[in-house]
file start24.csv (CSV, C-alpha atoms)
chain,number,residue,atom,x,y,z
A,135,MET,CA,8.1,-35.3,-7.7
A,136,TYR,CA,5.4,-36.4,-5.3
A,137,ASP,CA,6.9,-34.3,-2.5
A,138,ILE,CA,6.7,-31.2,-4.7
A,139,HIS,CA,3.1,-32.0,-5.7
A,140,TYR,CA,1.9,-32.4,-2.1
A,141,MET,CA,3.9,-29.4,-0.9
A,142,ARG,CA,2.2,-27.2,-3.5
A,143,LEU,CA,-1.1,-28.4,-2.1
A,144,ALA,CA,0.0,-27.5,1.4
A,145,LEU,CA,1.0,-24.0,0.2
A,146,ARG,CA,-2.4,-23.5,-1.3
A,147,LEU,CA,-4.0,-24.4,2.0
A,148,ALA,CA,-1.6,-22.1,3.9
A,149,ARG,CA,-2.7,-19.1,1.8
A,150,ARG,CA,-6.2,-19.5,3.1
A,151,GLY,CA,-5.0,-18.0,6.4
A,152,TYR,CA,-4.0,-14.8,4.7
A,153,GLY,CA,-4.7,-11.8,6.9
A,154,ALA,CA,-5.9,-13.9,9.9
A,155,THR,CA,-2.9,-15.6,11.5
A,156,SER,CA,-0.7,-12.7,12.7
A,157,PRO,CA,1.4,-12.7,14.8
A,158,ASN,CA,1.7,-16.3,13.8
A,159,PRO,CA,2.8,-17.5,10.3
A,160,MET,CA,0.6,-19.0,7.6
A,161,VAL,CA,1.0,-22.7,7.5
A,162,GLY,CA,-0.6,-25.5,5.5
A,163,ALA,CA,-0.4,-29.3,6.0
A,164,VAL,CA,-1.4,-32.4,4.0
A,165,LEU,CA,-1.5,-36.0,5.3
A,166,VAL,CA,-0.8,-38.8,2.8
A,167,LYS,CA,-1.2,-42.5,3.3
A,168,ASN,CA,-0.8,-45.2,0.7
A,169,GLY,CA,-0.7,-42.6,-2.0
A,170,LYS,CA,-4.0,-40.9,-1.0
A,171,ILE,CA,-4.7,-37.7,0.9
A,172,ILE,CA,-6.3,-38.5,4.2
A,173,GLY,CA,-6.2,-35.1,5.9
A,174,ARG,CA,-5.8,-31.4,5.1
A,175,GLY,CA,-5.4,-28.4,7.4
A,176,TRP,CA,-4.1,-24.9,7.7
A,177,HIS,CA,-3.6,-22.4,10.5
A,178,ARG,CA,-6.8,-20.5,10.4
A,179,LYS,CA,-6.2,-17.8,13.0
A,180,ALA,CA,-3.8,-16.8,15.8
A,181,GLY,CA,-4.5,-18.8,18.9
A,182,GLY,CA,-6.2,-21.6,17.0
A,183,PRO,CA,-4.9,-25.0,16.2
A,184,HIS,CA,-1.8,-25.2,14.0
A,185,ALA,CA,-2.0,-26.7,10.5
A,186,GLU,CA,-0.6,-30.1,11.6
A,187,ILE,CA,-3.3,-30.5,14.3
A,188,GLU,CA,-6.0,-29.5,11.8
A,189,ALA,CA,-4.8,-32.1,9.3
A,190,LEU,CA,-4.7,-34.8,11.9
A,191,ARG,CA,-8.2,-33.9,13.1
A,192,ASP,CA,-9.4,-33.8,9.5
A,193,ALA,CA,-8.1,-37.4,9.0
A,194,GLN,CA,-9.8,-38.6,12.1
A,195,LYS,CA,-13.1,-37.0,11.1
A,196,ARG,CA,-12.9,-38.9,7.8
A,197,GLY,CA,-12.3,-42.1,9.6
A,198,HIS,CA,-8.6,-42.5,8.7
A,199,ASN,CA,-5.8,-43.6,11.0
A,200,PRO,CA,-2.8,-41.4,10.6
A,201,LYS,CA,-0.4,-44.0,11.9
A,202,GLY,CA,2.3,-44.7,9.2
A,203,ALA,CA,1.2,-41.7,7.1
A,204,MET,CA,3.4,-39.0,5.6
A,205,LEU,CA,2.9,-35.4,6.7
A,206,TYR,CA,3.7,-32.5,4.3
A,207,VAL,CA,3.9,-29.1,6.1
A,208,THR,CA,5.1,-25.7,4.8
A,209,LEU,CA,6.9,-24.7,7.9
A,210,GLU,CA,9.0,-26.6,10.5
A,211,PRO,CA,6.7,-28.0,13.2
A,212,CYS,CA,6.8,-26.0,16.5
A,213,CYS,CA,8.5,-27.8,19.4
A,214,THR,CA,7.8,-25.4,22.2
A,215,HIS,CA,4.8,-24.5,24.3
A,216,GLY,CA,3.0,-21.3,23.3
A,217,ARG,CA,-0.7,-20.8,23.2
A,218,THR,CA,-0.9,-24.4,22.0
A,219,PRO,CA,1.1,-27.5,22.8
A,220,PRO,CA,4.1,-28.4,20.6
A,221,CYS,CA,3.1,-29.9,17.2
A,222,THR,CA,6.1,-32.3,17.4
A,223,ASP,CA,4.4,-34.0,20.3
A,224,ALA,CA,1.2,-34.5,18.3
A,225,ILE,CA,3.2,-35.9,15.3
A,226,LEU,CA,5.0,-38.4,17.5
A,227,ALA,CA,1.8,-39.5,19.2
A,228,ALA,CA,0.0,-40.0,15.8
A,229,GLY,CA,2.7,-42.4,14.6
A,230,ILE,CA,3.6,-40.4,11.5
A,231,LYS,CA,6.5,-42.2,9.7
A,232,ARG,CA,7.8,-39.4,7.4
A,233,VAL,CA,7.6,-35.6,7.6
A,234,VAL,CA,8.3,-33.4,4.6
A,235,ILE,CA,8.9,-29.7,5.4
A,236,GLY,CA,9.1,-26.6,3.3
A,237,ALA,CA,10.8,-23.8,5.3
A,238,THR,CA,12.9,-23.9,8.5
A,239,ASP,CA,11.6,-21.9,11.4
A,240,SER,CA,13.2,-18.5,11.1
A,241,ASN,CA,13.2,-18.0,14.9
A,242,PRO,CA,16.9,-18.5,15.8
A,243,GLU,CA,15.8,-20.0,19.1
A,244,HIS,CA,13.8,-22.7,17.5
A,245,ALA,CA,15.3,-23.3,14.0
A,246,GLY,CA,16.1,-26.9,13.4
A,247,LYS,CA,15.0,-28.1,16.8
A,248,GLY,CA,11.8,-29.6,15.4
A,249,PHE,CA,13.9,-31.7,12.9
A,250,LYS,CA,16.1,-33.1,15.7
A,251,ILE,CA,13.1,-34.0,17.9
A,252,LEU,CA,11.4,-35.9,15.1
A,253,ARG,CA,14.5,-37.7,13.9
A,254,ARG,CA,15.4,-38.7,17.5
A,255,ASP,CA,12.3,-40.7,17.6
A,256,GLY,CA,12.9,-42.5,14.3
A,257,ILE,CA,10.8,-40.3,12.0
A,258,GLU,CA,12.2,-39.7,8.5
A,259,VAL,CA,12.5,-35.9,8.0
A,260,VAL,CA,13.0,-34.2,4.6
A,261,HIS,CA,13.2,-30.4,4.5
A,262,GLY,CA,13.8,-27.7,1.9
A,263,ILE,CA,11.0,-28.7,-0.5
A,264,LEU,CA,9.8,-25.5,-2.2
A,265,ALA,CA,11.7,-23.8,0.6
A,266,ASP,CA,11.8,-20.4,-1.2
A,267,ASP,CA,8.1,-20.4,-1.9
A,268,CYS,CA,7.3,-21.4,1.7
A,269,ALA,CA,9.6,-18.7,3.1
A,270,ARG,CA,8.2,-16.0,0.8
A,271,LEU,CA,4.7,-16.8,2.1
A,272,ASN,CA,5.8,-15.6,5.6
A,273,GLU,CA,8.3,-13.0,4.8
A,274,ALA,CA,6.7,-10.5,7.2
A,275,PHE,CA,6.6,-13.0,10.1
A,276,ASN,CA,10.2,-14.1,9.3
A,277,HIS,CA,11.4,-10.5,9.5
A,278,TRP,CA,9.5,-9.7,12.6
A,279,ILE,CA,10.5,-12.8,14.5
A,280,VAL,CA,14.2,-12.0,13.9
A,281,TYR,CA,14.4,-8.2,14.2
A,282,ARG,CA,11.2,-7.6,16.3
A,283,THR,CA,10.2,-4.7,13.9
A,284,PRO,CA,7.4,-4.8,11.3
A,285,PHE,CA,8.1,-5.9,7.7
A,286,VAL,CA,7.5,-2.6,5.9
A,287,THR,CA,5.9,-2.4,2.4
A,288,VAL,CA,5.7,1.0,0.8
A,289,LYS,CA,2.7,1.1,-1.5
A,290,ALA,CA,1.9,3.9,-4.0
A,291,ALA,CA,-0.3,4.4,-7.1
A,292,MET,CA,1.1,6.7,-9.7
A,293,THR,CA,1.3,7.8,-13.3
A,294,LEU,CA,4.1,6.6,-15.5
A,295,ASP,CA,6.1,9.8,-14.7
A,296,GLY,CA,5.9,9.0,-10.9
A,297,LYS,CA,3.2,11.4,-9.8
A,298,ILE,CA,0.6,10.5,-7.2
A,299,ALA,CA,-1.5,13.7,-7.4
A,300,THR,CA,-1.8,17.0,-9.1
A,301,ALA,CA,-0.3,20.2,-7.7
A,302,SER,CA,-3.7,20.9,-6.1
A,303,GLY,CA,-3.8,17.4,-4.5
A,304,GLU,CA,-6.3,15.6,-6.8
A,305,SER,CA,-5.5,11.9,-6.8
A,306,LYS,CA,-8.8,9.9,-7.3
A,307,TRP,CA,-8.5,7.8,-9.3
A,308,ILE,CA,-5.1,7.4,-10.9
A,309,THR,CA,-5.3,3.6,-11.3
A,310,GLY,CA,-8.2,1.4,-12.3
A,311,GLU,CA,-10.5,-0.8,-10.4
A,312,LYS,CA,-8.5,-4.0,-10.6
A,313,ALA,CA,-5.4,-2.2,-9.3
A,314,ARG,CA,-7.3,-0.7,-6.4
A,315,ALA,CA,-8.7,-4.1,-5.5
A,316,HIS,CA,-5.2,-5.5,-5.4
A,317,GLY,CA,-4.2,-2.6,-3.2
A,318,MET,CA,-7.0,-3.4,-0.8
A,319,LYS,CA,-5.8,-7.0,-0.7
A,320,LEU,CA,-2.4,-5.7,0.5
A,321,ARG,CA,-4.3,-4.1,3.4
A,322,HIS,CA,-6.0,-7.4,4.2
A,323,GLY,CA,-2.6,-9.0,4.8
A,324,SER,CA,-1.2,-6.2,6.9
A,325,ASP,CA,-1.4,-5.6,10.6
A,326,ALA,CA,-1.3,-1.8,10.3
A,327,ILE,CA,-1.4,0.9,7.7
A,328,LEU,CA,0.6,4.2,8.1
A,329,VAL,CA,0.1,7.6,6.5
A,330,GLY,CA,1.2,11.1,7.3
A,331,VAL,CA,-1.1,13.8,8.6
A,332,ASN,CA,-1.0,15.6,5.2
A,333,THR,CA,-2.9,12.6,3.7
A,334,ILE,CA,-5.5,13.0,6.4
A,335,LEU,CA,-5.8,16.7,5.8
A,336,ALA,CA,-6.0,16.3,2.0
A,337,ASP,CA,-8.2,13.2,1.6
A,338,ASP,CA,-9.8,12.3,4.9
A,339,PRO,CA,-9.4,8.6,4.1
A,340,SER,CA,-11.0,5.8,6.1
A,341,LEU,CA,-7.9,3.5,5.9
A,342,THR,CA,-10.0,0.4,6.4
A,343,ALA,CA,-9.7,-3.1,4.9
A,344,ARG,CA,-12.8,-3.3,2.9
A,345,SER,CA,-13.4,-6.4,0.8
A,346,GLN,CA,-15.6,-6.8,-2.2
A,347,LYS,CA,-15.6,-10.6,-1.7
A,348,PRO,CA,-17.1,-11.8,1.5
A,349,GLU,CA,-15.0,-15.0,1.5
A,350,VAL,CA,-11.8,-13.0,1.6
A,351,ARG,CA,-12.3,-11.9,5.2
A,352,SER,CA,-14.8,-12.2,7.9
A,353,GLN,CA,-17.5,-9.7,8.6
A,354,ASN,CA,-15.2,-8.2,11.2
A,355,GLU,CA,-12.5,-7.5,8.5
A,356,ASN,CA,-12.0,-3.9,9.7
A,357,LEU,CA,-11.6,-4.8,13.4
A,358,ARG,CA,-7.9,-5.8,13.0
A,359,LEU,CA,-6.2,-3.3,10.8
A,360,ARG,CA,-4.5,-0.6,12.9
A,361,ARG,CA,-4.2,2.9,11.5
A,362,ILE,CA,-1.0,4.8,12.3
A,363,ILE,CA,-0.9,8.6,11.6
A,364,LEU,CA,2.4,10.5,11.7
A,365,ASP,CA,1.4,13.9,13.1
A,366,SER,CA,4.1,15.6,15.1
A,367,ARG,CA,2.1,18.7,15.7
A,368,ALA,CA,-1.2,17.0,16.4
A,369,ARG,CA,-3.0,18.6,13.4
A,370,THR,CA,-5.4,15.8,12.8
A,371,PRO,CA,-9.0,17.2,12.9
A,372,LEU,CA,-11.4,15.8,15.4
A,373,THR,CA,-13.8,15.4,12.6
A,374,ALA,CA,-11.4,13.2,10.5
A,375,LYS,CA,-12.8,9.7,9.8
A,376,VAL,CA,-9.8,8.0,11.5
A,377,VAL,CA,-10.7,9.8,14.7
A,378,SER,CA,-14.5,9.8,14.6
A,379,ASP,CA,-15.6,6.6,12.9
A,380,GLU,CA,-16.6,3.3,14.5
A,381,PHE,CA,-13.0,2.0,14.2
A,382,ALA,CA,-11.4,4.9,16.1
A,383,ALA,CA,-10.1,2.6,18.8
A,384,LEU,CA,-7.7,1.1,16.1
A,385,THR,CA,-6.2,4.5,15.3
A,386,THR,CA,-2.9,5.6,16.8
A,387,ILE,CA,-1.7,9.2,16.3
A,388,VAL,CA,2.1,9.6,16.7
A,389,VAL,CA,2.9,13.1,18.0
A,390,SER,CA,6.1,14.8,19.3
A,391,LYS,CA,6.7,16.6,22.6
A,392,ASN,CA,6.3,19.9,20.6
A,393,ALA,CA,2.6,19.2,19.8
A,394,PRO,CA,0.1,21.6,21.5
A,395,LYS,CA,-1.0,19.9,24.7
A,396,ASN,CA,-4.6,20.9,24.3
A,397,ARG,CA,-4.7,19.3,20.8
A,398,VAL,CA,-3.0,16.1,22.1
A,399,ALA,CA,-5.5,15.9,25.0
A,400,ALA,CA,-8.5,16.3,22.7
A,401,LEU,CA,-7.3,13.6,20.4
A,402,ALA,CA,-6.4,11.3,23.3
A,403,LYS,CA,-10.1,11.2,24.2
A,404,ARG,CA,-10.9,9.6,20.9
A,405,VAL,CA,-7.9,7.6,19.8
A,406,LYS,CA,-4.6,6.2,21.1
A,407,VAL,CA,-1.9,8.9,21.1
A,408,ILE,CA,1.8,8.2,21.6
A,409,VAL,CA,4.6,10.7,22.0
A,410,ALA,CA,7.6,9.8,19.9
A,411,PRO,CA,11.1,11.3,20.0
A,412,LEU,CA,12.3,13.5,17.2
A,413,LYS,CA,15.2,12.9,14.8
A,414,LYS,CA,16.2,15.9,12.7
A,415,SER,CA,12.9,17.6,13.5
A,416,ALA,CA,10.9,14.6,12.3
A,417,ILE,CA,9.4,11.6,14.2
A,418,ASP,CA,12.0,9.0,14.8
A,419,LEU,CA,10.8,6.2,12.6
A,420,ARG,CA,13.2,3.6,13.9
A,421,TRP,CA,11.9,4.2,17.4
A,422,LEU,CA,8.4,3.9,16.2
A,423,LEU,CA,9.0,0.6,14.3
A,424,LYS,CA,10.6,-0.9,17.5
A,425,LYS,CA,7.5,0.1,19.5
A,426,LEU,CA,5.1,-1.3,16.9
A,427,GLY,CA,7.1,-4.6,16.7
A,428,ALA,CA,6.9,-4.9,20.5
A,429,GLU,CA,3.1,-4.6,20.1
A,430,ASN,CA,3.0,-7.6,17.7
A,431,VAL,CA,2.7,-5.6,14.5
A,432,THR,CA,4.5,-7.9,12.1
A,433,SER,CA,3.6,-6.1,8.9
A,434,LEU,CA,3.2,-2.4,8.2
A,435,LEU,CA,1.8,-1.0,4.9
A,436,VAL,CA,3.0,2.6,4.3
A,437,GLU,CA,0.6,4.5,2.0
A,438,GLY,CA,2.0,7.9,2.6
A,439,GLY,CA,2.7,10.9,0.4
A,440,GLY,CA,6.1,11.5,-1.2
A,441,GLU,CA,7.8,12.7,2.0
A,442,VAL,CA,6.7,9.8,4.2
A,443,ASN,CA,7.5,7.3,1.4
A,444,ALA,CA,10.9,8.8,1.0
A,445,SER,CA,11.6,8.6,4.8
A,446,PHE,CA,11.0,4.9,4.8
A,447,LEU,CA,12.6,4.1,1.4
A,448,LEU,CA,15.7,6.4,1.5
A,449,GLY,CA,16.0,5.9,5.2
A,450,GLY,CA,16.5,2.1,4.8
A,451,LEU,CA,13.4,1.3,6.8
A,452,ALA,CA,11.4,-0.6,4.1
A,453,GLN,CA,11.7,-4.1,3.0
A,454,ARG,CA,9.4,-4.2,-0.1
A,455,VAL,CA,7.7,-1.8,-2.5
A,456,ALA,CA,4.4,-2.2,-4.3
A,457,PHE,CA,4.2,0.4,-7.0
A,458,PHE,CA,1.1,0.6,-9.2
A,459,TYR,CA,1.6,2.4,-12.5
A,460,ALA,CA,-1.3,3.8,-14.6
A,461,PRO,CA,-0.7,4.5,-18.4
A,462,LYS,CA,-1.0,8.2,-17.8
A,463,ILE,CA,1.3,11.2,-18.0
A,464,LEU,CA,0.6,14.0,-15.5
A,465,GLY,CA,3.7,16.2,-15.7
A,466,GLY,CA,4.1,19.4,-13.9
A,467,ARG,CA,7.0,20.4,-11.6
A,468,ASP,CA,4.6,21.0,-8.8
A,469,ALA,CA,2.7,17.7,-9.1
A,470,LYS,CA,3.1,15.4,-6.1
A,471,LYS,CA,5.8,12.8,-6.4
A,472,ALA,CA,5.5,9.2,-5.2
A,473,VAL,CA,8.9,9.5,-3.6
A,474,ALA,CA,10.1,13.0,-2.6
A,475,GLY,CA,12.7,13.8,0.1
A,476,ASP,CA,16.2,15.0,-0.7
A,477,GLY,CA,16.9,12.1,-3.0
A,478,ALA,CA,20.2,10.4,-3.7
A,479,LYS,CA,23.2,12.7,-4.4
A,480,SER,CA,24.6,10.4,-7.0
A,481,LEU,CA,23.7,7.3,-9.0
A,482,ALA,CA,26.0,5.3,-6.7
A,483,GLU,CA,23.6,6.1,-3.8
A,484,VAL,CA,20.3,5.1,-5.5
A,485,LEU,CA,18.1,2.5,-3.9
A,486,GLN,CA,18.6,-0.6,-6.0
A,487,LEU,CA,15.6,-2.9,-6.0
A,488,ARG,CA,15.9,-6.7,-6.3
A,489,ASP,CA,13.7,-9.7,-6.9
A,490,VAL,CA,11.6,-7.5,-9.2
A,491,GLU,CA,8.3,-8.8,-10.4
A,492,TRP,CA,5.8,-7.2,-12.8
A,493,GLN,CA,2.1,-8.0,-13.0
A,494,ARG,CA,-0.5,-6.6,-15.4
A,495,LEU,CA,-3.8,-5.5,-13.8
A,496,ASP,CA,-6.0,-4.6,-16.8
A,497,GLU,CA,-4.3,-1.4,-18.2
A,498,ASP,CA,-2.2,-0.8,-15.1
A,499,LEU,CA,1.1,-2.4,-14.0
A,500,LEU,CA,2.2,-3.5,-10.6
A,501,LEU,CA,5.9,-3.6,-9.6
A,502,THR,CA,6.8,-5.5,-6.5
A,503,ALA,CA,10.4,-5.8,-5.3
A,504,ARG,CA,12.6,-6.2,-2.3
A,505,THR,CA,14.5,-3.1,-1.2
A,506,ASP,CA,17.0,-4.9,1.1
call {"tool": "encode", "arguments": {"input": "start24.csv", "output": "structure tokens"}}
result
Amino acid sequence: MYDIHYMRLALRLARRGYGATSPNPMVGAVLVKNGKIIGRGWHRKAGGPHAEIEALRDAQKRGHNPKGAMLYVTLEPCCTHGRTPPCTDAILAAGIKRVVIGATDSNPEHAGKGFKILRRDGIEVVHGILADDCARLNEAFNHWIVYRTPFVTVKAAMTLDGKIATASGESKWITGEKARAHGMKLRHGSDAILVGVNTILADDPSLTARSQKPEVRSQNENLRLRRIILDSRARTPLTAKVVSDEFAALTTIVVSKNAPKNRVAALAKRVKVIVAPLKKSAIDLRWLLKKLGAENVTSLLVEGGGEVNASFLLGGLAQRVAFFYAPKILGGRDAKKAVAGDGAKSLAEVLQLRDVEWQRLDEDLLLTARTD
């Protein structure tokens, strides 16, 4: 019972790193000695000290000796040299007697090695405490570290009949303020956001990670979220916000070899432009995901129109959906659908969601679920 209690505390600490640790996972740690918490820590940002080190330093600052203490940590301690030394070395040096771990390291090259190193030196190791919660916390990192492609979430705000805009393209605002704030929170936790060029042409969005609460992110909150535009013909206007604003350096426009060279050259003076191969006359999204993964994009938020959403969902390229539903009926055969494309040819081919969760956000509803 105590193990679960302290692991829950460690999980709460880990969540403080939301949106700041990529391409590292979120991790929290609690040091307990003689039934009292003597140190707390979490991984604050990529390149910074890991949670275990933060907890040990916190204990020392408070005048506590960690020798003989128990360490609760949400993820298996690292055992290899990266930007920082192995946490297993620090745990051994501190004289910790018992280590309680939530999730196993999902990296197949490291998984379980930390346990063996600690046990070899006589430390009691218990793992699997709140393992599902600890793993869920880092589902994007876990996917990326294994497959080296981003964890893709398709997000859409729609009416109850699945429409995201009128036939003329009007879409502001379908959902309420609380739902929109939650959608912004999804951006905070993502490395990149992706839309199609039609969204740029219709709405000219900023695609930034604005926060209404200063404590959610630092003042540089917009300086991390990459903006990916699918634009095979290089139709993005030079006046578009994603090309002309102060965050233009974070914009990547994905074109094809068929794009007019003069348009590509003009855009390349403002933003990053990459030429992607085509697959059935559309940008090869699998190729793009591999490229983004190689650039340490661990999580990708797709906020496209119906065609882009369909490409990811029906193409088997998304891992999660976040669908916001407003209590409204739009109707109309020409209204814009949240998921378009060719659709399934039979009920046997439909995309079946799992791990479905519903959340009420004032009058709106949020459906989150896994697609794989």
call {"tool": "closest_residue", "arguments": {"input": "start24.csv", "among": "A:Gly162, A:Gly317, A:Gly438, A:Gly475", "to": "Ile363 in chain A", "atoms": "only C-alpha atoms"}}
result
A:Gly438
call {"tool": "residues_around", "arguments": {"input": "start24.csv", "residues": "range 263-270 of chain A", "least_positions_apart": "5", "cutoff": "7 Å", "atoms": "only C-alpha atoms", "output": "PyMOL selection string"}}
result
chain A and resi 138+145+208+235-237
call {"tool": "residues_around", "arguments": {"input": "start24.csv", "residues": "Gly450 in chain A", "least_positions_apart": "4", "cutoff": "10 Å", "atoms": "all atoms listed in the file", "output": "PyMOL selection string"}}
result
chain A and resi 420+444-446+485+505-506
call {"tool": "atom_distance", "arguments": {"input": "start24.csv", "atom1": "CA of Ala313 in chain A", "atom2": "CA of Gly466 in chain A"}}
result
24.0 Å
call {"tool": "atom_distance", "arguments": {"input": "start24.csv", "atom1": "CA of Thr218 in chain A", "atom2": "CA of Gly248 in chain A"}}
result
15.2 Å
call {"tool": "residues_around", "arguments": {"input": "start24.csv", "residues": "range 194-201 of chain A", "least_positions_apart": "5", "cutoff": "12 Å", "atoms": "all atoms listed in the file", "output": "MDAnalysis selection string"}}
result
chainID A and resid 164:168 170:174 186:189 224:232 257
call {"tool": "closest_residue", "arguments": {"input": "start24.csv", "among": "A:Lys462, A:Lys395, A:Arg404, A:His184", "to": "Ser378 in chain A", "atoms": "only C-alpha atoms"}}
result
A:Arg404
call {"tool": "closest_residue", "arguments": {"input": "start24.csv", "among": "A:Ala402, A:Pro242, A:Thr222, A:Thr386", "to": "Arg254 in chain A", "atoms": "all atoms listed in the file"}}
result
A:Thr222
call {"tool": "atom_distance", "arguments": {"input": "start24.csv", "atom1": "CA of Ala185 in chain A", "atom2": "CA of Asn158 in chain A"}}
result
11.5 Å
call {"tool": "closest_residue", "arguments": {"input": "start24.csv", "among": "A:Ala299, A:Ala343, A:Leu271, A:Ala456", "to": "Glu437 in chain A", "atoms": "only C-alpha atoms"}}
result
A:Ala456
call {"tool": "closest_residue", "arguments": {"input": "start24.csv", "among": "A:Pro183, A:Gly465, A:Gly169, A:Pro157", "to": "His139 in chain A", "atoms": "all atoms listed in the file"}}
result
A:Gly169
call {"tool": "closest_residue", "arguments": {"input": "start24.csv", "among": "A:Lys413, A:Lys470, A:Arg358, A:Arg367", "to": "Thr300 in chain A", "atoms": "only C-alpha atoms"}}
result
A:Lys470
call {"tool": "residues_around", "arguments": {"input": "start24.csv", "residues": "Glu441 in chain A", "least_positions_apart": "4", "cutoff": "12 Å", "atoms": "only C-alpha atoms", "output": "NGL selection string"}}
result
:A and (288 or 298 or 329-333 or 364 or 416 or 436-437 or 445-449 or 470-477)
call {"tool": "decode", "arguments": {"input": "start24.csv", "residues": "range 231-248 of chain A", "atoms": "C-alpha atoms", "output": "mmCIF file, in the first residue's frame"}}
result
data_model
loop_
_atom_site.group_PDB
_atom_site.id
_atom_site.type_symbol
_atom_site.label_atom_id
_atom_site.label_comp_id
_atom_site.auth_asym_id
_atom_site.auth_seq_id
_atom_site.Cartn_x
_atom_site.Cartn_y
_atom_site.Cartn_z
ATOM 1 C CA LYS A 231 18.794 0.107 0.038
ATOM 2 C CA ARG A 232 15.540 -0.358 -1.916
ATOM 3 C CA VAL A 233 14.385 0.901 -5.320
ATOM 4 C CA VAL A 234 10.717 0.728 -6.331
ATOM 5 C CA ILE A 235 10.112 1.257 -10.046
ATOM 6 C CA GLY A 236 6.970 1.875 -12.065
ATOM 7 C CA ALA A 237 7.638 1.139 -15.741
ATOM 8 C CA THR A 238 10.458 -0.752 -17.417
ATOM 9 C CA ASP A 239 12.603 1.183 -19.906
ATOM 10 C CA SER A 240 10.935 0.651 -23.287
ATOM 11 C CA ASN A 241 14.232 0.911 -25.146
ATOM 12 C CA PRO A 242 14.970 -2.747 -26.037
ATOM 13 C CA GLU A 243 18.704 -2.059 -25.707
ATOM 14 C CA HIS A 244 18.324 -0.965 -22.078
ATOM 15 C CA ALA A 245 15.187 -2.683 -20.769
ATOM 16 C CA GLY A 246 15.876 -4.547 -17.530
ATOM 17 C CA LYS A 247 19.580 -3.742 -17.396
ATOM 18 C CA GLY A 248 19.103 -1.162 -14.659
#
